[in-house]
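Structure below is query_28.cif: mmCIF, C-alpha atoms.
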```
data_final
loop_
_atom_site.group_PDB
_atom_site.id
_atom_site.type_symbol
_atom_site.label_atom_id
_atom_site.label_comp_id
_atom_site.auth_asym_id
_atom_site.auth_seq_id
_atom_site.Cartn_x
_atom_site.Cartn_y
_atom_site.Cartn_z
ATOM 1 C CA MET Y 899 -163.496 -65.870 125.634
ATOM 2 C CA LYS Y 900 -165.053 -63.902 122.776
ATOM 3 C CA LYS Y 901 -168.243 -62.131 123.754
ATOM 4 C CA LYS Y 902 -171.167 -61.344 121.509
ATOM 5 C CA GLU Y 903 -170.185 -59.892 118.165
ATOM 6 C CA LEU Y 904 -172.108 -56.885 116.833
ATOM 7 C CA LYS Y 905 -172.261 -56.579 113.049
ATOM 8 C CA ILE Y 906 -173.739 -53.516 111.319
ATOM 9 C CA ASN Y 907 -174.488 -53.092 107.611
ATOM 10 C CA PRO Y 908 -176.112 -49.891 106.287
ATOM 11 C CA VAL Y 909 -177.316 -51.943 103.308
ATOM 12 C CA PRO Y 910 -179.417 -54.910 104.495
ATOM 13 C CA GLN Y 911 -177.569 -58.036 103.360
ATOM 14 C CA ASP Y 912 -180.788 -60.054 103.024
ATOM 15 C CA SER Y 913 -182.200 -57.574 100.482
ATOM 16 C CA LYS Y 914 -180.835 -58.114 96.979
ATOM 17 C CA PHE Y 915 -182.724 -55.065 95.702
ATOM 18 C CA TYR Y 916 -180.995 -52.592 98.057
ATOM 19 C CA ASN Y 917 -177.641 -54.292 97.524
ATOM 20 C CA ILE Y 918 -177.926 -53.879 93.743
ATOM 21 C CA TYR Y 919 -179.293 -50.344 94.160
ATOM 22 C CA ALA Y 920 -176.279 -49.336 96.293
ATOM 23 C CA HIS Y 921 -173.919 -50.604 93.595
ATOM 24 C CA ILE Y 922 -175.879 -48.752 90.894
ATOM 25 C CA LEU Y 923 -175.313 -45.574 92.908
ATOM 26 C CA LEU Y 924 -171.579 -46.117 92.403
ATOM 27 C CA LEU Y 925 -172.081 -45.897 88.649
ATOM 28 C CA TRP Y 926 -174.610 -43.037 88.783
ATOM 29 C CA PRO Y 927 -172.062 -40.158 88.446
ATOM 30 C CA PHE Y 928 -171.146 -41.506 85.012
ATOM 31 C CA ALA Y 929 -174.757 -41.304 83.774
ATOM 32 C CA PRO Y 930 -174.422 -37.735 82.373
ATOM 33 C CA ILE Y 931 -171.369 -38.745 80.332
ATOM 34 C CA ILE Y 932 -173.098 -41.840 78.968
ATOM 35 C CA MET Y 933 -176.234 -39.848 78.108
ATOM 36 C CA ALA Y 934 -174.134 -37.159 76.374
ATOM 37 C CA PHE Y 935 -172.372 -39.780 74.227
ATOM 38 C CA ILE Y 936 -175.693 -41.383 73.273
ATOM 39 C CA PHE Y 937 -177.152 -37.964 72.429
ATOM 40 C CA LEU Y 938 -174.123 -36.996 70.312
ATOM 41 C CA PHE Y 939 -174.166 -40.367 68.560
ATOM 42 C CA PHE Y 940 -177.779 -40.084 67.395
ATOM 43 C CA ILE Y 941 -177.836 -36.459 66.239
ATOM 44 C CA GLY Y 942 -176.588 -35.608 62.766
ATOM 45 C CA ASP Y 943 -173.108 -34.329 61.887
ATOM 46 C CA GLU Y 944 -174.339 -30.800 61.236
ATOM 47 C CA ALA Y 945 -176.216 -30.594 64.538
ATOM 48 C CA ARG Y 946 -173.204 -32.095 66.349
ATOM 49 C CA SER Y 947 -170.836 -29.442 64.939
ATOM 50 C CA LYS Y 948 -173.281 -26.641 65.899
ATOM 51 C CA PHE Y 949 -173.512 -28.128 69.397
ATOM 52 C CA PHE Y 950 -169.705 -28.103 69.810
ATOM 53 C CA ASP Y 951 -169.457 -24.572 68.401
ATOM 54 C CA GLU Y 952 -171.969 -23.316 70.966
ATOM 55 C CA PHE Y 953 -170.112 -25.044 73.792
ATOM 56 C CA MET Y 954 -166.796 -23.543 72.708
ATOM 57 C CA LYS Y 955 -168.323 -20.046 72.919
ATOM 58 C CA VAL Y 956 -168.937 -20.526 76.641
ATOM 59 C CA LYS Y 957 -165.682 -22.196 77.706
ATOM 60 C CA GLU Y 958 -165.748 -20.660 81.189
ATOM 61 C CA PHE Y 959 -169.173 -22.159 81.881
ATOM 62 C CA LEU Y 960 -168.045 -25.531 80.523
ATOM 63 C CA ILE Y 961 -164.952 -25.518 82.739
ATOM 64 C CA PHE Y 962 -167.069 -24.560 85.770
ATOM 65 C CA VAL Y 963 -169.540 -27.387 85.086
ATOM 66 C CA ALA Y 964 -166.707 -29.910 84.625
ATOM 67 C CA ILE Y 965 -165.012 -28.886 87.883
ATOM 68 C CA ALA Y 966 -168.310 -28.935 89.819
ATOM 69 C CA TRP Y 967 -169.181 -32.364 88.404
ATOM 70 C CA LEU Y 968 -165.728 -33.747 89.247
ATOM 71 C CA ALA Y 969 -165.833 -32.387 92.812
ATOM 72 C CA SER Y 970 -169.320 -33.751 93.466
ATOM 73 C CA THR Y 971 -168.428 -37.120 91.914
ATOM 74 C CA LEU Y 972 -165.332 -37.499 94.088
ATOM 75 C CA ASN Y 973 -167.314 -36.525 97.190
ATOM 76 C CA MET Y 974 -170.068 -39.003 96.346
ATOM 77 C CA PHE Y 975 -167.554 -41.835 95.777
ATOM 78 C CA ARG Y 976 -165.879 -41.042 99.099
ATOM 79 C CA GLU Y 977 -169.216 -41.090 100.909
ATOM 80 C CA LEU Y 978 -170.378 -44.300 99.204
ATOM 81 C CA PHE Y 979 -167.149 -46.177 99.881
ATOM 82 C CA ASN Y 980 -166.845 -44.972 103.489
ATOM 83 C CA TYR Y 981 -170.430 -45.075 104.732
ATOM 84 C CA LEU Y 982 -172.799 -47.045 102.493
ATOM 85 C CA ILE Y 983 -171.182 -50.202 101.139
ATOM 86 C CA VAL Y 984 -169.462 -51.117 104.374
ATOM 87 C CA GLU Y 985 -169.746 -53.635 107.172
ATOM 88 C CA GLU Y 986 -168.740 -52.778 110.736
ATOM 89 C CA VAL Y 987 -167.948 -55.445 113.304
ATOM 90 C CA CYS Y 988 -167.056 -55.059 116.973
ATOM 91 C CA TYR Y 989 -166.535 -57.488 119.839
ATOM 92 C CA VAL Y 990 -164.602 -57.933 123.088
ATOM 93 C CA ASP Y 991 -162.042 -60.705 123.445
ATOM 94 C CA LYS Y 992 -159.434 -61.169 126.209
ATOM 95 C CA LYS Y 993 -160.148 -57.757 127.769
ATOM 96 C CA THR Y 994 -159.584 -56.000 124.431
ATOM 97 C CA PHE Y 995 -162.170 -54.183 122.331
ATOM 98 C CA PHE Y 996 -161.907 -55.028 118.623
ATOM 99 C CA TYR Y 997 -163.461 -52.946 115.856
ATOM 100 C CA GLN Y 998 -163.178 -53.609 112.132
ATOM 101 C CA LYS Y 999 -164.675 -51.756 109.200
ATOM 102 C CA PHE Y 1000 -164.831 -53.531 105.842
ATOM 103 C CA ARG Y 1001 -165.684 -52.193 102.397
ATOM 104 C CA ARG Y 1002 -168.031 -54.563 100.571
ATOM 105 C CA ALA Y 1003 -168.193 -53.687 96.881
ATOM 106 C CA PHE Y 1004 -168.657 -55.863 93.811
ATOM 107 C CA GLY Y 1005 -168.255 -59.093 95.771
ATOM 108 C CA MET Y 1006 -164.984 -58.063 97.433
ATOM 109 C CA ARG Y 1007 -164.406 -57.429 101.123
ATOM 110 C CA LYS Y 1008 -161.527 -55.116 102.048
ATOM 111 C CA LEU Y 1009 -160.453 -54.105 105.559
ATOM 112 C CA MET Y 1010 -160.552 -50.304 105.943
ATOM 113 C CA THR Y 1011 -160.173 -49.803 109.691
ATOM 114 C CA ASN Y 1012 -158.874 -52.100 112.398
ATOM 115 C CA LEU Y 1013 -158.863 -51.029 116.056
ATOM 116 C CA GLU Y 1014 -157.670 -52.998 119.052
ATOM 117 C CA ILE Y 1015 -158.127 -51.075 122.299
ATOM 118 C CA PRO Y 1016 -157.543 -52.648 125.723
ATOM 119 C CA LEU Y 1017 -160.636 -52.173 127.890
ATOM 120 C CA SER Y 1018 -158.468 -50.530 130.562
ATOM 121 C CA ASP Y 1019 -157.569 -47.788 128.033
ATOM 122 C CA ILE Y 1020 -161.202 -46.856 127.338
ATOM 123 C CA SER Y 1021 -162.122 -44.026 129.707
ATOM 124 C CA GLU Y 1022 -165.575 -43.212 128.340
ATOM 125 C CA VAL Y 1023 -168.213 -44.572 125.981
ATOM 126 C CA LYS Y 1024 -170.610 -41.901 124.715
ATOM 127 C CA GLU Y 1025 -173.498 -41.739 122.299
ATOM 128 C CA VAL Y 1026 -172.558 -39.479 119.401
ATOM 129 C CA ASN Y 1027 -174.462 -36.206 119.229
ATOM 130 C CA LYS Y 1028 -176.544 -35.451 116.170
ATOM 131 C CA SER Y 1029 -174.685 -33.444 113.578
ATOM 132 C CA SER Y 1030 -176.077 -30.180 112.304
ATOM 133 C CA PHE Y 1031 -178.396 -29.973 109.325
ATOM 134 C CA PHE Y 1032 -175.643 -28.366 107.205
ATOM 135 C CA TYR Y 1033 -173.346 -31.371 107.664
ATOM 136 C CA TYR Y 1034 -175.939 -33.649 106.094
ATOM 137 C CA PHE Y 1035 -176.828 -31.032 103.486
ATOM 138 C CA PHE Y 1036 -173.291 -31.262 102.078
ATOM 139 C CA SER Y 1037 -173.039 -35.025 102.549
ATOM 140 C CA PRO Y 1038 -174.849 -36.909 99.766
ATOM 141 C CA ILE Y 1039 -174.885 -40.222 101.631
ATOM 142 C CA ALA Y 1040 -176.415 -39.921 105.084
ATOM 143 C CA HIS Y 1041 -174.484 -41.420 107.960
ATOM 144 C CA ARG Y 1042 -174.494 -41.089 111.722
ATOM 145 C CA ASN Y 1043 -172.088 -42.865 113.997
ATOM 146 C CA SER Y 1044 -173.650 -44.302 117.140
ATOM 147 C CA VAL Y 1045 -170.728 -44.650 119.539
ATOM 148 C CA GLU Y 1046 -167.797 -42.458 120.517
ATOM 149 C CA LEU Y 1047 -164.974 -44.145 122.384
ATOM 150 C CA ILE Y 1048 -162.624 -41.904 124.351
ATOM 151 C CA THR Y 1049 -159.325 -43.418 125.479
ATOM 152 C CA THR Y 1050 -157.252 -42.427 128.518
ATOM 153 C CA ASP Y 1051 -154.770 -40.608 126.266
ATOM 154 C CA GLY Y 1052 -157.596 -38.428 124.821
ATOM 155 C CA LYS Y 1053 -158.079 -40.119 121.439
ATOM 156 C CA LYS Y 1054 -161.655 -40.250 120.153
ATOM 157 C CA TYR Y 1055 -163.076 -42.889 117.830
ATOM 158 C CA GLN Y 1056 -166.541 -42.567 116.306
ATOM 159 C CA ILE Y 1057 -167.808 -45.941 115.152
ATOM 160 C CA MET Y 1058 -170.901 -47.904 114.110
ATOM 161 C CA ASN Y 1059 -172.998 -46.117 111.457
ATOM 162 C CA SER Y 1060 -176.640 -46.247 112.522
ATOM 163 C CA VAL Y 1061 -178.308 -45.179 109.258
ATOM 164 C CA LEU Y 1062 -180.041 -48.028 107.440
ATOM 165 C CA PHE Y 1063 -180.324 -47.922 103.643
ATOM 166 C CA GLY Y 1064 -183.956 -48.734 103.035
ATOM 167 C CA SER Y 1065 -186.988 -46.641 103.771
ATOM 168 C CA ARG Y 1066 -187.026 -42.856 103.526
ATOM 169 C CA ASN Y 1067 -187.195 -42.503 107.344
ATOM 170 C CA SER Y 1068 -184.308 -44.848 108.013
ATOM 171 C CA LEU Y 1069 -182.081 -42.818 105.653
ATOM 172 C CA LYS Y 1070 -182.554 -39.579 107.588
ATOM 173 C CA PRO Y 1071 -179.789 -39.229 110.204
ATOM 174 C CA ASN Y 1072 -182.072 -37.304 112.572
ATOM 175 C CA SER Y 1073 -185.244 -39.358 112.143
ATOM 176 C CA LYS Y 1074 -186.971 -41.303 114.902
ATOM 177 C CA VAL Y 1075 -186.021 -44.612 113.258
ATOM 178 C CA THR Y 1076 -182.342 -43.662 113.175
ATOM 179 C CA ASP Y 1077 -182.473 -42.312 116.749
ATOM 180 C CA GLU Y 1078 -183.855 -45.656 117.956
ATOM 181 C CA ARG Y 1079 -181.228 -47.621 116.030
ATOM 182 C CA THR Y 1080 -178.466 -45.330 117.334
ATOM 183 C CA THR Y 1081 -179.605 -45.868 120.930
ATOM 184 C CA LYS Y 1082 -179.847 -49.646 120.449
ATOM 185 C CA ILE Y 1083 -176.341 -49.884 118.928
ATOM 186 C CA TYR Y 1084 -174.897 -47.611 121.620
ATOM 187 C CA ASN Y 1085 -176.429 -49.697 124.414
ATOM 188 C CA GLU Y 1086 -175.126 -52.954 122.918
ATOM 189 C CA VAL Y 1087 -171.587 -51.598 122.544
ATOM 190 C CA LYS Y 1088 -171.630 -50.058 126.032
ATOM 191 C CA ASN Y 1089 -172.852 -53.332 127.583
ATOM 192 C CA MET Y 1090 -170.208 -55.225 125.632
ATOM 193 C CA ILE Y 1091 -167.450 -52.984 126.994
ATOM 194 C CA SER Y 1092 -168.737 -52.639 130.568
ATOM 195 C CA LYS Y 1093 -169.114 -56.394 131.224
#
```
Do you think you could lay out the structure here as structure tokens?
Amino acid sequence: MKKKELKINPVPQDSKFYNIYAHILLLWPFAPIIMAFIFLFFIGDEARSKFFDEFMKVKEFLIFVAIAWLASTLNMFRELFNYLIVEEVCYVDKKTFFYQKFRRAFGMRKLMTNLEIPLSDISEVKEVNKSSFFYYFFSPIAHRNSVELITTDGKKYQIMNSVLFGSRNSLKPNSKVTDERTTKIYNEVKNMISK
């Protein structure tokens, strides 16, 4: 018999504003390119050629900026697709713990992670410790997993993102709001597994 299902979404599904805002964030890295094209389109030919001549004088700087932009864009896409526009579901059925993580972008739902762990193989259920400040400093999209499952063979699985995309406090991984949500999610998963 399937027990209670726990479903977590960092972006509240009942809020169209935050849902649209999260999808706009996906397009945000392309804003500098779009703005540059608009700027180059509206300036005159003479000013455009002077602009390109100046850029060609500092090729090393241009290459550095392009590489930095590409690296930050790829990191932001990875963070958005893995932690923001996702849905996590877990439940217990027939003495097996099921966990699924779906990517929900542009109306599509794609399975990213699927775990099936027999309850007898789970040796410990722990609340995940807070990560250091530097981890979140380099991570553009805040996330904090609530539960760590440790199996009898030593494998560890960190699941259930507790950060809620909404208010400024709920976005901080170490805020009081996130701590409360982390504890609530952890307790629900632990009760689900221990029963």
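Closest approach to Ile906 (chain Y) among Y:Val1023, Y:Leu960, Y:Val1075, Y:Val987: Y:Val987, based on only C-alpha atoms.
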So how far away is CA of Ile1091 (chain Y) from CA of Leu1017 (chain Y), in Å?
6.9 Å
What's around region 969-971 of chain Y at 9 Å? Count all atoms listed in the file, leave out sequence neighbours fewer than 4 positions away in its own chain, and write the answer as a ChimeraX atom specification.
/Y:927-928,964-965,975-976,1038
Put those residues in a file: C-alpha atoms, as a PDB file, keeping the file's coordinate frame.
```pdb
ATOM      1  CA  PRO Y 927    -172.062 -40.158  88.446  1.00  0.00           C
ATOM      2  CA  PHE Y 928    -171.146 -41.506  85.012  1.00  0.00           C
ATOM      3  CA  ALA Y 964    -166.707 -29.910  84.625  1.00  0.00           C
ATOM      4  CA  ILE Y 965    -165.012 -28.886  87.883  1.00  0.00           C
ATOM      5  CA  PHE Y 975    -167.554 -41.835  95.777  1.00  0.00           C
ATOM      6  CA  ARG Y 976    -165.879 -41.042  99.099  1.00  0.00           C
ATOM      7  CA  PRO Y1038    -174.849 -36.909  99.766  1.00  0.00           C
TER       8      PRO Y1038
END
```
For Glu986 (chain Y), which residue out of Y:Thr1076, Y:Ser1044, Y:Ser947, Y:Ser1021 is the nearest one, using all atoms listed in the file?
Y:Ser1044
Evaluating the PyMOL selection byres ((chain Y and resi 1054) around 12) on the displayed file yields which residues, as an MDAnalysis selection string?
chainID Y and resid 1013 1015 1019:1024 1026 1045:1053 1055:1057
Please, what distance in Å, to one decimal, runs between CA of Thr1080 (chain Y) and CA of Glu1014 (chain Y)?
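Distance between the two atoms: 22.2 Å.
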Do you know which residues the PyMOL selection byres ((chain Y and resi 1012) around 8) returns on this file, as a PyMOL selection string?
chain Y and resi 996-999+1009-1011+1013-1014
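Take CA of Leu904 (chain Y) and CA of Tyr989 (chain Y): the distance between them is 6.4 Å.
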Y:Phe940, Y:Leu924, Y:Phe949, Y:Val956: which is nearest Met974 (chain Y), counting all atoms listed in the file?
Y:Leu924
I would like the residues chosen by the PyMOL selection byres ((chain Y and resi 984) around 7) on the shown file; could you give them as a ChimeraX atom specification?
/Y:907,980-983,985-986,999-1002
Selection as a PDB file with C-alpha atoms, in the coordinates of the input: residues within 12 Å of (-169.9, -53.9, 130.5), counting only C-alpha atoms:
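Output below, filename point-v9.pdb:
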```pdb
ATOM      1  CA  LYS Y 901    -168.243 -62.131 123.754  1.00  0.00           C
ATOM      2  CA  LYS Y 902    -171.167 -61.344 121.509  1.00  0.00           C
ATOM      3  CA  TYR Y 989    -166.535 -57.488 119.839  1.00  0.00           C
ATOM      4  CA  VAL Y 990    -164.602 -57.933 123.088  1.00  0.00           C
ATOM      5  CA  LYS Y 993    -160.148 -57.757 127.769  1.00  0.00           C
ATOM      6  CA  PHE Y 995    -162.170 -54.183 122.331  1.00  0.00           C
ATOM      7  CA  LEU Y1017    -160.636 -52.173 127.890  1.00  0.00           C
ATOM      8  CA  SER Y1018    -158.468 -50.530 130.562  1.00  0.00           C
ATOM      9  CA  ILE Y1020    -161.202 -46.856 127.338  1.00  0.00           C
ATOM     10  CA  GLU Y1022    -165.575 -43.212 128.340  1.00  0.00           C
ATOM     11  CA  VAL Y1023    -168.213 -44.572 125.981  1.00  0.00           C
ATOM     12  CA  TYR Y1084    -174.897 -47.611 121.620  1.00  0.00           C
ATOM     13  CA  ASN Y1085    -176.429 -49.697 124.414  1.00  0.00           C
ATOM     14  CA  GLU Y1086    -175.126 -52.954 122.918  1.00  0.00           C
ATOM     15  CA  VAL Y1087    -171.587 -51.598 122.544  1.00  0.00           C
ATOM     16  CA  LYS Y1088    -171.630 -50.058 126.032  1.00  0.00           C
ATOM     17  CA  ASN Y1089    -172.852 -53.332 127.583  1.00  0.00           C
ATOM     18  CA  MET Y1090    -170.208 -55.225 125.632  1.00  0.00           C
ATOM     19  CA  ILE Y1091    -167.450 -52.984 126.994  1.00  0.00           C
ATOM     20  CA  SER Y1092    -168.737 -52.639 130.568  1.00  0.00           C
ATOM     21  CA  LYS Y1093    -169.114 -56.394 131.224  1.00  0.00           C
TER      22      LYS Y1093
END
```
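Closest approach to Val963 (chain Y) among Y:Gly1005, Y:Pro1016, Y:Pro930, Y:Pro1071: Y:Pro930, based on only C-alpha atoms.
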Under the rule that all atoms listed in the file are counted, which of Y:Glu958, Y:Asp991, Y:Glu1025, Y:Glu903 is the nearest residue to Arg1079 (chain Y)?
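That would be Y:Glu1025, the residue with the smallest distance to Arg1079 (chain Y).
Counting all atoms listed in the file, the residue from Y:Met1058, Y:Gln911, Y:Ser1073, Y:Leu923 that sits nearest to Lys1028 (chain Y) is Y:Ser1073.
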